[in-house]
Structure formats: C-alpha cells, structure tokens
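Student: For reference, the file start_2.cif (mmCIF, N, CA and C atoms) is included below:
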data_coords
#
loop_
_atom_site.label_atom_id
_atom_site.label_comp_id
_atom_site.auth_asym_id
_atom_site.auth_seq_id
_atom_site.Cartn_x
_atom_site.Cartn_y
_atom_site.Cartn_z
N MET A 5 18.82 -30.35 -11.79
CA MET A 5 18.74 -28.98 -11.28
C MET A 5 19.73 -28.10 -12.04
N ALA A 6 19.34 -26.87 -12.28
CA ALA A 6 20.18 -25.92 -13.00
C ALA A 6 21.35 -25.50 -12.11
N THR A 7 22.43 -25.08 -12.74
CA THR A 7 23.60 -24.62 -12.01
C THR A 7 23.27 -23.31 -11.29
N PRO A 8 23.61 -23.23 -10.00
CA PRO A 8 23.36 -21.99 -9.28
C PRO A 8 24.16 -20.83 -9.89
N ALA A 9 23.63 -19.63 -9.80
CA ALA A 9 24.24 -18.47 -10.43
C ALA A 9 24.79 -17.50 -9.39
N THR A 10 25.66 -16.63 -9.86
CA THR A 10 26.15 -15.51 -9.05
C THR A 10 25.44 -14.26 -9.56
N VAL A 11 24.79 -13.56 -8.64
CA VAL A 11 24.05 -12.34 -9.00
C VAL A 11 24.53 -11.21 -8.09
N THR A 12 24.90 -10.10 -8.69
CA THR A 12 25.27 -8.92 -7.91
C THR A 12 24.03 -8.04 -7.78
N VAL A 13 23.73 -7.65 -6.55
CA VAL A 13 22.58 -6.78 -6.28
C VAL A 13 23.13 -5.42 -5.87
N ARG A 14 22.75 -4.40 -6.62
CA ARG A 14 23.18 -3.03 -6.35
C ARG A 14 22.09 -2.36 -5.51
N LEU A 15 22.36 -2.20 -4.21
CA LEU A 15 21.39 -1.55 -3.32
C LEU A 15 21.47 -0.05 -3.56
N ILE A 16 20.38 0.55 -3.99
CA ILE A 16 20.37 1.98 -4.29
C ILE A 16 19.54 2.71 -3.24
N ARG A 17 20.22 3.51 -2.42
CA ARG A 17 19.53 4.31 -1.41
C ARG A 17 19.10 5.65 -1.96
N SER A 18 19.92 6.24 -2.84
CA SER A 18 19.58 7.55 -3.37
C SER A 18 20.07 7.67 -4.81
N PHE A 19 19.15 7.92 -5.71
CA PHE A 19 19.53 8.15 -7.11
C PHE A 19 20.19 9.52 -7.23
N GLU A 20 19.60 10.50 -6.57
CA GLU A 20 20.08 11.88 -6.67
C GLU A 20 21.52 12.02 -6.17
N HIS A 21 21.83 11.36 -5.07
CA HIS A 21 23.17 11.46 -4.48
C HIS A 21 24.10 10.33 -4.91
N LYS A 22 23.64 9.49 -5.85
CA LYS A 22 24.45 8.37 -6.36
C LYS A 22 24.94 7.48 -5.21
N ASN A 23 24.03 7.21 -4.27
CA ASN A 23 24.36 6.45 -3.07
C ASN A 23 23.92 5.00 -3.25
N PHE A 24 24.88 4.12 -3.57
CA PHE A 24 24.56 2.72 -3.77
C PHE A 24 25.70 1.83 -3.29
N LYS A 25 25.39 0.56 -3.07
CA LYS A 25 26.38 -0.40 -2.60
C LYS A 25 26.08 -1.76 -3.23
N PRO A 26 27.05 -2.31 -3.98
CA PRO A 26 26.84 -3.63 -4.57
C PRO A 26 27.15 -4.75 -3.57
N ILE A 27 26.32 -5.78 -3.57
CA ILE A 27 26.60 -6.98 -2.78
C ILE A 27 26.41 -8.19 -3.69
N VAL A 28 27.20 -9.23 -3.43
CA VAL A 28 27.20 -10.40 -4.30
C VAL A 28 26.49 -11.56 -3.61
N PHE A 29 25.63 -12.22 -4.38
CA PHE A 29 24.93 -13.41 -3.90
C PHE A 29 25.37 -14.58 -4.77
N ARG A 30 25.89 -15.61 -4.14
CA ARG A 30 26.32 -16.81 -4.86
C ARG A 30 25.33 -17.93 -4.60
N GLY A 31 25.24 -18.85 -5.54
CA GLY A 31 24.34 -19.99 -5.36
C GLY A 31 22.88 -19.64 -5.53
N VAL A 32 22.61 -18.63 -6.34
CA VAL A 32 21.22 -18.18 -6.57
C VAL A 32 20.52 -19.14 -7.53
N ASP A 33 19.32 -19.58 -7.15
CA ASP A 33 18.49 -20.43 -7.99
C ASP A 33 17.70 -19.54 -8.94
N LEU A 34 18.03 -19.60 -10.22
CA LEU A 34 17.36 -18.73 -11.21
C LEU A 34 15.93 -19.16 -11.50
N ASP A 35 15.53 -20.33 -11.00
CA ASP A 35 14.16 -20.80 -11.22
C ASP A 35 13.21 -20.40 -10.08
N GLN A 36 13.71 -19.63 -9.12
CA GLN A 36 12.82 -19.11 -8.07
C GLN A 36 12.14 -17.85 -8.59
N LYS A 37 10.99 -17.54 -8.01
CA LYS A 37 10.27 -16.33 -8.41
C LYS A 37 11.03 -15.10 -7.93
N VAL A 38 10.87 -14.01 -8.66
CA VAL A 38 11.52 -12.75 -8.32
C VAL A 38 11.12 -12.32 -6.90
N ILE A 39 9.84 -12.47 -6.56
CA ILE A 39 9.37 -12.07 -5.23
C ILE A 39 10.11 -12.84 -4.13
N ASP A 40 10.41 -14.12 -4.37
CA ASP A 40 11.14 -14.92 -3.38
C ASP A 40 12.59 -14.44 -3.25
N PHE A 41 13.18 -14.07 -4.37
CA PHE A 41 14.55 -13.53 -4.34
C PHE A 41 14.56 -12.19 -3.60
N ILE A 42 13.55 -11.35 -3.85
CA ILE A 42 13.45 -10.07 -3.14
C ILE A 42 13.39 -10.30 -1.63
N HIS A 43 12.56 -11.26 -1.20
CA HIS A 43 12.44 -11.56 0.24
C HIS A 43 13.77 -12.06 0.80
N MET A 44 14.45 -12.93 0.05
CA MET A 44 15.73 -13.47 0.50
C MET A 44 16.77 -12.35 0.64
N VAL A 45 16.86 -11.47 -0.35
CA VAL A 45 17.82 -10.37 -0.30
C VAL A 45 17.47 -9.43 0.86
N THR A 46 16.20 -9.11 1.02
CA THR A 46 15.76 -8.22 2.10
C THR A 46 16.16 -8.77 3.46
N GLU A 47 15.96 -10.05 3.68
CA GLU A 47 16.34 -10.68 4.96
C GLU A 47 17.85 -10.70 5.13
N ASP A 48 18.57 -10.98 4.06
CA ASP A 48 20.03 -11.06 4.12
C ASP A 48 20.65 -9.71 4.51
N ILE A 49 20.18 -8.64 3.90
CA ILE A 49 20.83 -7.34 4.14
C ILE A 49 20.57 -6.81 5.55
N LYS A 50 19.54 -7.29 6.22
CA LYS A 50 19.26 -6.83 7.59
C LYS A 50 20.39 -7.17 8.54
N SER A 51 21.12 -8.25 8.25
CA SER A 51 22.18 -8.68 9.17
C SER A 51 23.53 -8.89 8.48
N ARG A 52 23.68 -8.41 7.27
CA ARG A 52 24.93 -8.61 6.53
C ARG A 52 26.06 -7.80 7.16
N PRO A 53 27.16 -8.49 7.54
CA PRO A 53 28.30 -7.78 8.13
C PRO A 53 28.92 -6.81 7.12
N GLY A 54 29.35 -5.66 7.60
CA GLY A 54 30.02 -4.69 6.75
C GLY A 54 29.09 -3.78 5.97
N LEU A 55 27.79 -4.03 6.06
CA LEU A 55 26.83 -3.19 5.34
C LEU A 55 26.36 -2.08 6.30
N PRO A 56 26.58 -0.81 5.93
CA PRO A 56 26.19 0.28 6.84
C PRO A 56 24.69 0.26 7.16
N PRO A 57 24.34 0.63 8.40
CA PRO A 57 22.92 0.60 8.83
C PRO A 57 21.94 1.31 7.89
N PRO A 58 22.30 2.47 7.28
CA PRO A 58 21.31 3.09 6.38
C PRO A 58 20.89 2.17 5.22
N PHE A 59 21.80 1.32 4.75
CA PHE A 59 21.46 0.39 3.67
C PHE A 59 20.63 -0.77 4.20
N ARG A 60 20.90 -1.18 5.44
CA ARG A 60 20.15 -2.30 6.04
C ARG A 60 18.71 -1.96 6.31
N LYS A 61 18.45 -0.72 6.70
CA LYS A 61 17.12 -0.32 7.15
C LYS A 61 16.25 0.29 6.06
N PHE A 62 16.81 0.52 4.90
CA PHE A 62 16.08 1.16 3.80
C PHE A 62 15.01 0.22 3.26
N THR A 63 13.92 0.77 2.75
CA THR A 63 12.83 -0.02 2.21
C THR A 63 12.98 -0.14 0.69
N TYR A 64 13.51 -1.28 0.25
CA TYR A 64 13.64 -1.56 -1.19
C TYR A 64 12.42 -2.35 -1.63
N ASP A 65 11.97 -2.14 -2.89
CA ASP A 65 10.79 -2.90 -3.32
C ASP A 65 10.81 -3.29 -4.80
N THR A 66 11.82 -2.88 -5.55
CA THR A 66 11.82 -3.13 -6.99
C THR A 66 13.21 -3.52 -7.46
N MET A 67 13.27 -4.45 -8.42
CA MET A 67 14.54 -4.84 -9.02
C MET A 67 14.51 -4.59 -10.52
N LYS A 68 15.67 -4.18 -11.03
CA LYS A 68 15.82 -3.91 -12.46
C LYS A 68 17.20 -4.38 -12.90
N ILE A 69 17.26 -5.04 -14.06
CA ILE A 69 18.55 -5.48 -14.58
C ILE A 69 19.38 -4.26 -14.96
N VAL A 70 20.62 -4.23 -14.45
CA VAL A 70 21.54 -3.14 -14.74
C VAL A 70 22.53 -3.56 -15.82
N HIS A 71 23.03 -4.79 -15.68
CA HIS A 71 24.09 -5.25 -16.57
C HIS A 71 24.09 -6.78 -16.63
N GLN A 72 24.32 -7.30 -17.82
CA GLN A 72 24.45 -8.74 -17.99
C GLN A 72 25.89 -9.05 -18.35
N ALA A 73 26.38 -10.21 -17.95
CA ALA A 73 27.74 -10.60 -18.27
C ALA A 73 27.96 -10.52 -19.78
N HIS A 74 29.08 -9.98 -20.17
CA HIS A 74 29.48 -9.86 -21.57
C HIS A 74 28.58 -8.92 -22.37
N GLY A 75 27.81 -8.09 -21.69
CA GLY A 75 26.94 -7.14 -22.38
C GLY A 75 27.49 -5.72 -22.24
N ALA A 76 26.90 -4.80 -22.93
CA ALA A 76 27.33 -3.40 -22.85
C ALA A 76 26.85 -2.79 -21.54
N LYS A 77 27.69 -1.93 -20.98
CA LYS A 77 27.32 -1.25 -19.75
C LYS A 77 26.75 0.12 -20.08
N THR A 78 25.93 0.61 -19.18
CA THR A 78 25.35 1.95 -19.34
C THR A 78 26.35 3.02 -18.94
N ASN A 79 26.16 4.22 -19.43
CA ASN A 79 26.99 5.35 -19.01
C ASN A 79 26.48 5.98 -17.73
N GLU A 80 25.28 5.62 -17.33
CA GLU A 80 24.71 6.14 -16.09
C GLU A 80 25.48 5.57 -14.90
N LEU A 81 25.77 6.42 -13.92
CA LEU A 81 26.53 5.97 -12.76
C LEU A 81 25.74 4.97 -11.91
N VAL A 82 24.47 5.26 -11.66
CA VAL A 82 23.68 4.40 -10.79
C VAL A 82 22.99 3.29 -11.59
N MET A 83 22.19 3.66 -12.57
CA MET A 83 21.57 2.70 -13.48
C MET A 83 20.87 3.45 -14.61
N SER A 84 20.64 2.75 -15.69
CA SER A 84 19.99 3.34 -16.86
C SER A 84 18.52 3.65 -16.55
N LEU A 85 18.05 4.73 -17.13
CA LEU A 85 16.64 5.10 -16.95
C LEU A 85 15.79 4.57 -18.11
N ASP A 86 16.39 3.83 -19.01
CA ASP A 86 15.71 3.34 -20.21
C ASP A 86 15.19 1.91 -20.04
N ASP A 87 14.30 1.54 -20.93
CA ASP A 87 13.81 0.16 -21.08
C ASP A 87 13.21 -0.45 -19.82
N ASP A 88 12.50 0.35 -19.04
CA ASP A 88 11.89 -0.17 -17.81
C ASP A 88 10.99 -1.37 -18.08
N GLU A 89 10.21 -1.31 -19.18
CA GLU A 89 9.26 -2.39 -19.46
C GLU A 89 9.98 -3.72 -19.72
N LEU A 90 11.22 -3.66 -20.16
CA LEU A 90 12.00 -4.88 -20.41
C LEU A 90 12.85 -5.30 -19.22
N LEU A 91 13.35 -4.32 -18.47
CA LEU A 91 14.37 -4.61 -17.46
C LEU A 91 13.89 -4.65 -16.02
N ILE A 92 12.74 -4.03 -15.71
CA ILE A 92 12.22 -4.15 -14.34
C ILE A 92 11.63 -5.54 -14.19
N LEU A 93 12.04 -6.22 -13.12
CA LEU A 93 11.65 -7.61 -12.93
C LEU A 93 10.22 -7.75 -12.43
N ASP A 94 9.46 -8.64 -13.06
CA ASP A 94 8.09 -8.95 -12.68
C ASP A 94 8.14 -9.94 -11.52
N GLU A 95 7.56 -9.56 -10.39
CA GLU A 95 7.64 -10.38 -9.17
C GLU A 95 7.08 -11.79 -9.34
N GLU A 96 6.16 -11.98 -10.27
CA GLU A 96 5.53 -13.29 -10.44
C GLU A 96 6.30 -14.22 -11.37
N LYS A 97 7.26 -13.69 -12.12
CA LYS A 97 8.06 -14.52 -13.02
C LYS A 97 9.28 -15.06 -12.27
N THR A 98 9.92 -16.05 -12.84
CA THR A 98 11.17 -16.53 -12.26
C THR A 98 12.28 -15.57 -12.67
N LEU A 99 13.39 -15.65 -11.96
CA LEU A 99 14.55 -14.83 -12.33
C LEU A 99 14.97 -15.13 -13.76
N ARG A 100 15.02 -16.41 -14.11
CA ARG A 100 15.44 -16.82 -15.46
C ARG A 100 14.50 -16.24 -16.52
N ALA A 101 13.19 -16.36 -16.30
CA ALA A 101 12.21 -15.85 -17.27
C ALA A 101 12.27 -14.32 -17.38
N SER A 102 12.80 -13.68 -16.35
CA SER A 102 12.93 -12.22 -16.36
C SER A 102 14.22 -11.75 -17.02
N GLY A 103 15.06 -12.70 -17.43
CA GLY A 103 16.30 -12.33 -18.11
C GLY A 103 17.54 -12.35 -17.25
N VAL A 104 17.40 -12.81 -15.99
CA VAL A 104 18.56 -12.88 -15.11
C VAL A 104 19.32 -14.17 -15.41
N ALA A 105 20.63 -14.05 -15.58
CA ALA A 105 21.50 -15.20 -15.84
C ALA A 105 22.70 -15.09 -14.90
N ASN A 106 23.60 -16.06 -14.98
CA ASN A 106 24.81 -16.02 -14.16
C ASN A 106 25.56 -14.71 -14.44
N GLU A 107 26.03 -14.09 -13.37
CA GLU A 107 26.81 -12.85 -13.42
C GLU A 107 26.01 -11.63 -13.89
N THR A 108 24.71 -11.68 -13.71
CA THR A 108 23.87 -10.51 -13.98
C THR A 108 23.95 -9.57 -12.77
N GLU A 109 23.90 -8.27 -13.04
CA GLU A 109 23.82 -7.30 -11.96
C GLU A 109 22.44 -6.67 -12.00
N VAL A 110 21.77 -6.66 -10.84
CA VAL A 110 20.44 -6.06 -10.75
C VAL A 110 20.46 -4.95 -9.70
N ALA A 111 19.70 -3.91 -9.97
CA ALA A 111 19.53 -2.83 -9.00
C ALA A 111 18.34 -3.17 -8.12
N PHE A 112 18.43 -2.81 -6.84
CA PHE A 112 17.34 -3.01 -5.88
C PHE A 112 17.09 -1.65 -5.25
N PHE A 113 15.88 -1.12 -5.44
CA PHE A 113 15.60 0.26 -5.07
C PHE A 113 14.14 0.43 -4.69
N LYS A 114 13.82 1.65 -4.25
CA LYS A 114 12.44 2.00 -3.92
C LYS A 114 11.81 2.62 -5.17
N LYS A 115 10.75 2.00 -5.68
CA LYS A 115 10.14 2.42 -6.94
C LYS A 115 9.70 3.89 -6.91
N GLU A 116 9.18 4.33 -5.80
CA GLU A 116 8.72 5.73 -5.68
C GLU A 116 9.90 6.69 -5.90
N ASP A 117 11.06 6.40 -5.29
CA ASP A 117 12.25 7.25 -5.45
C ASP A 117 12.71 7.26 -6.91
N TYR A 118 12.66 6.09 -7.54
CA TYR A 118 13.07 5.99 -8.94
C TYR A 118 12.16 6.83 -9.83
N GLY A 119 10.86 6.78 -9.59
CA GLY A 119 9.91 7.56 -10.36
C GLY A 119 10.16 9.06 -10.23
N LEU A 120 10.45 9.51 -9.03
CA LEU A 120 10.74 10.93 -8.80
C LEU A 120 12.03 11.33 -9.50
N TYR A 121 13.05 10.49 -9.40
CA TYR A 121 14.33 10.79 -10.05
C TYR A 121 14.20 10.78 -11.58
N LYS A 122 13.46 9.82 -12.07
CA LYS A 122 13.30 9.70 -13.53
C LYS A 122 12.55 10.92 -14.10
N ALA A 123 11.61 11.45 -13.33
CA ALA A 123 10.85 12.62 -13.76
C ALA A 123 11.72 13.88 -13.80
N ASN A 124 12.77 13.88 -12.97
CA ASN A 124 13.65 15.05 -12.91
C ASN A 124 15.08 14.60 -12.61
N PRO A 125 15.73 13.93 -13.58
CA PRO A 125 17.10 13.45 -13.32
C PRO A 125 18.08 14.60 -13.18
N THR A 126 18.74 14.63 -12.05
CA THR A 126 19.73 15.67 -11.81
C THR A 126 21.09 15.02 -11.68
N SER A 127 22.07 15.66 -12.23
CA SER A 127 23.43 15.14 -12.16
C SER A 127 24.40 16.30 -11.97
N PRO A 128 25.33 16.16 -11.04
CA PRO A 128 26.29 17.24 -10.82
C PRO A 128 27.33 17.33 -11.94
N PHE A 129 27.29 16.41 -12.91
CA PHE A 129 28.31 16.39 -13.97
C PHE A 129 27.84 17.10 -15.21
#
How does the structure come out when it is put into structure tokens?
Tutor:
Amino acid sequence: MATPATVTVRLIRSFEHKNFKPIVFRGVDLDQKVIDFIHMVTEDIKSRPGLPPPFRKFTYDTMKIVHQAHGAKTNELVMSLDDDELLILDEEKTLRASGVANETEVAFFKKEDYGLYKANPTSPF
C-alpha cells in the first residue's frame, strides 16, 4: 500500500470576498477516486469542530490543485484562474492520477461561483 498523504483543502465560500478556510486532511489515500475524496471531505466538514457554520453548510462541488509541495505559488489570494484543464480534478480519476501528491493544496468550491468570478474577476487591490 502507498504511504498515506497529507492534503490541505481550501474551502472557498466566496471568490469575490476572498472568503476561504484551509483544513488539513492526514492519512489520505491517493489511490482513491476524486469523487470519493469529495464525499469524504463533504461529510467531514459537516461536523468539523471549529469550522464556522457558513463553511459547513455551503455546497462545494469542484476541486482544483492550488499548490504542490516545493512548487511555485500563485500571486492570486484565493486561487489561480489559469490552467483549469490541467488543475481541475476529474472525479473519475484517482487523486494520484490527477496530480495530487503528499502536501498538495487543493481548492474546494462551487463551480458555478468560480465561472461567474472568472468571467468578471474583481479585486479591491
């Protein structure tokens, strides 16, 4: 069996307001399908202590790689708007086949919100 990984999941409630919260998952099996990991994270956040209710009740449906260990970070505060075809995780592939490795950070968000934000990215800076 492969060594379990640590994956940070960045829960994004609002792109426009830069409203996100990172949570860490240890012992993640990278050979599970992305859809199974999504279900596991969704169930976990419903009862995770210390997580504000708005994050628990939000409807997340898409994951995208934000950062890989020892890789370059984006200048975007929430997540990069580039390379969706490479970085958005395919639900039918395994985490490993999707490019997730130990210490990878993935964003978890609502695809519809991301599409609206990407069409009109606003930043107060």
Student: Looking at A:Glu109, A:Glu47, A:Asp86, A:Glu95, which one is nearest to A:Ile27, with distances taken over only C-alpha atoms?
Tutor: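 So, comparing all the options, the nearest one is A:Glu109.
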Student: Going by the chain IDs and residue numbers used in this file, which residues fall under the PyMOL selection byres (((chain A and resi 119 and name CA) around 12) and name CA)? Write them as number ranges by chain.
Tutor: A: 18-20, 66, 85, 88, 113-118, 120-125
Student: With all atoms listed in the file as the counted atoms, please give the residues lying no more than 7 Å from A:Val11, apart from itself and same-chain residues fewer than 3 positions off, as a PyMOL selection string.
Tutor: chain A and resi 27-32+105-110
Student: I'd like the contact shell of A:Lys61 - 12 Å cut-off, only C-alpha atoms, skipping same-chain residues fewer than 4 positions apart - returned as JSON, numbers by chain.
Tutor: {"A": [15, 17, 46, 47, 48, 49, 50, 51, 52, 55, 56, 57]}
Student: Determine which residues of chain A receive a DSSP assignment of helix (DSSP H, G or I), computed from the backbone, and state them as an NGL selection string.
Tutor: :A and (38-51 or 57-61 or 88-91 or 115-123)
Student: Kindly resolve the PyMOL selection byres ((chain A and resi 36-41) around 5) on the present coordinates and return the residues as a list in words.
Tutor: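 With the shown file as input, the PyMOL selection byres ((chain A and resi 36-41) around 5) matches Asp33, Leu34, Asp35, Ile42, His43, Met44, Val45, Glu95, Lys97, Thr98 and Leu99 of chain A.
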Student: What is the distance, in Å and to one decimal place, between atom N of A:Ile16 and atom CA of A:Glu96?
Tutor: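 Separation between atom N of A:Ile16 and atom CA of A:Glu96: 21.3 Å.
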Student: In Å, with one decimal, what is the gap from atom CA of A:Asn23 to atom C of A:Tyr64?
Tutor: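 Separation of atom CA of A:Asn23 and atom C of A:Tyr64: 14.9 Å.
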Student: Could you spell out the hits of the PyMOL selection byres ((chain A and resi 67) around 6) on the shown file, as an MDAnalysis selection string?
Tutor: chainID A and resid 65:66 68:69 91:93 110:113
Student: Name the closest residue to A:Pro58 among the candidates A:Arg14, A:Pro8, A:Gly103, A:Lys25; distances are taken between atoms, counting only C-alpha atoms.
Tutor: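 For A:Pro58, the nearest of the candidates is A:Lys25.
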Student: If the box runs along x, y and z of the file and leaves 8 Å on each side of stretch 92-102 of chain A, what are its centre and edge lengths in Å, one decimal, as JSON?
Tutor:
{"center_x": 10.5, "center_y": -10.4, "center_z": -13.3, "size_x": 25.9, "size_y": 28.8, "size_z": 24.2}
Student: By how many Å are atom CA of A:Val70 and atom CA of A:Val13 apart?
Tutor: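 Rounded to one decimal, the two atoms are 9.3 Å apart.
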Student: Pick out each residue of stretch 51-113 of chain A that DSSP on the backbone tags as strand (DSSP E or B); I need them as a list in words.
Tutor: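 Matching residues, listed in order: Thr66, Met67, Lys68, Ile69, Val70, His71, Ile92, Thr98, Thr108, Glu109, Val110, Ala111, Phe112 and Phe113 of chain A.
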